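K.L.:
One structure follows; several queries about it will come next.
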Amino acid sequence: MLVIALDTSTPAVTAGLVDLDEGSPRVLAERVTINPRAHGELLMPQLVDVMDEAGRGFADVDAIVAGIGPGPFTGLRVGLATAAALGQACDVPVHPVCSLDAIAAAAEVTGPLLVATDARRKETYWAAYDGATRVHGPHVARPADVPTSGCAVAAGELAEAVGLDAVEPRFPTPAGLVAAAALDSDPEPLVPLYLRRPDAEEPGKRKSVLTR
């Protein structure tokens, strides 16, 4: 089973092709570029490079996995729109995955784990895990307000900011995305996980120039 894995929920632009024929995810090729302002420019070229390196075509793909966040609005929409379009073009299912779950699935931790990624505005997206099983979250909060009792280590780019020892990975990986996906069931709707309102708001009704 060949699975395309995409994630744009963090500053990392991530694309990979993963083989599941032997049960556990085996990455055939991947591209990860840290650039929070270039998700739209980099994602598809990286995926094309991945497919070329693996020697596979889009017609060979059996499923697509996409990180749904939590993450910033603009970057997250790039990954989800790309995944949806590819799923339609290739006629394959697209499975959503919480991006924090993907980080936890790739962390080599068997006990309590915290995952913390950058939510901007001096805040972090976070969730608590027992191994790769999420037990709390996801939430958004200031790093100082994230409860860390019972956890000794954290993964994600803001692991140190919440006051715990950091473990890899810092960003979602193709193997982690596929490991966290429910590929043996019908895919859930591809709905972005924002956790908070966008900065931009619709303008209010214009005040009439005739009003005194």
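We name chains A, B, ... following the order of the structure tokens; residues begin at 1 in each chain, and ligands are numbered from 1 as shown.
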Neighbours of Pro147 (chain A) within 10 Å (only C-alpha atoms; same-chain residues fewer than 3 positions away dropped), as a list in words?

P.N.:
Leu114, Trp126, Ala127, Ala128, Ala141, Pro143, Ala144, Gly150, Cys151 and Val162 of chain A

K.L.:
Tell me, as a list in words, which residues lie within 10 Å of Thr173 (chain A), counting only C-alpha atoms; anything in the same chain fewer than 2 positions away does not count.

P.N.:
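Using only C-alpha atoms, the neighbours found are Ala5, Leu6, Asp7, Ala12, Thr14, Ala15, Gly16, Val27, Glu30, Arg31, Val32, Gly67, Ser99, Ala102, Ile103, Ala105, Ala106, Pro169, Arg170, Phe171, Ala175, Gly176, Leu177, Val178 and Ala179 of chain A.
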
K.L.:
DSSP says strand (DSSP E) for which residues of region 14-209 of chain A? Put them as a PyMOL selection string?

P.N.:
chain A and resi 14-19+26-34+63-67+94-97+112-120+123-130+133-141+153-155+165-166

K.L.:
Report the residues of region 31-174 of chain A whose backbone DSSP state falls under helix (DSSP H, G or I), written as number ranges by chain.

P.N.:
A: 39-54, 58-60, 73-90, 99-106, 143-145, 160-162, 174

K.L.:
Can you tell me which residues surround Met1 (chain A) at a distance of at most 7 Å, considering only C-alpha atoms, apart from same-chain residues fewer than 3 positions away, and format the answer as an MDAnalysis selection string?

P.N.:
chainID A and resid 19:21 62

K.L.:
Would you please work out which residue, of A:Met44, A:Ala181, A:Val153, A:Leu28, is nearest to Val13 (chain A) when using only C-alpha atoms?

P.N.:
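Looking only at the distances to Val13 (chain A), the closest residue turns out to be A:Met44.
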
K.L.:
Do you have the CA of Arg142 (chain A)-CA of Ala159 (chain A) distance handy?

P.N.:
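These two atoms are separated by 12.6 Å.
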
K.L.:
Quick one: residues within 8 Å of Leu100 (chain A), only C-alpha atoms, excluding same-chain residues fewer than 6 positions away - as a PyMOL selection string?

P.N.:
chain A and resi 69-70+115-117+126-127+138+172

K.L.:
Please produce an output containing N, CA and C atoms for each residue in the selection, written as a short mmCIF file (atom, residue, chain, number, x, y, z; two decimals), in the first residue's frame.

P.N.:
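See again14.cif below for the written result:
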data_model
loop_
_atom_site.label_atom_id
_atom_site.label_comp_id
_atom_site.auth_asym_id
_atom_site.auth_seq_id
_atom_site.Cartn_x
_atom_site.Cartn_y
_atom_site.Cartn_z
N GLY A 69 -3.78 19.90 11.27
CA GLY A 69 -3.49 20.89 12.30
C GLY A 69 -3.61 20.28 13.69
N PRO A 70 -3.65 21.14 14.69
CA PRO A 70 -3.85 22.58 14.60
C PRO A 70 -2.66 23.31 13.99
N VAL A 115 3.19 17.07 23.42
CA VAL A 115 3.57 17.60 22.11
C VAL A 115 3.16 19.07 22.07
N ALA A 116 4.10 19.93 21.70
CA ALA A 116 3.85 21.38 21.68
C ALA A 116 4.42 21.99 20.40
N THR A 117 3.56 22.66 19.63
CA THR A 117 3.99 23.33 18.41
C THR A 117 3.63 24.80 18.48
N TRP A 126 -0.98 22.33 21.98
CA TRP A 126 -0.43 21.24 22.76
C TRP A 126 -1.46 20.12 22.96
N ALA A 127 -0.93 18.94 23.19
CA ALA A 127 -1.75 17.78 23.55
C ALA A 127 -0.88 16.84 24.37
N PRO A 138 -6.42 18.31 21.54
CA PRO A 138 -5.48 19.44 21.52
C PRO A 138 -6.10 20.73 22.04
N PRO A 172 5.83 17.26 12.20
CA PRO A 172 5.24 16.03 11.69
C PRO A 172 6.11 15.41 10.60
#

K.L.:
Would you compute the distance between CA of Glu160 (chain A) and CA of Gly40 (chain A)? Give it in Å to one decimal.

P.N.:
28.8 Å
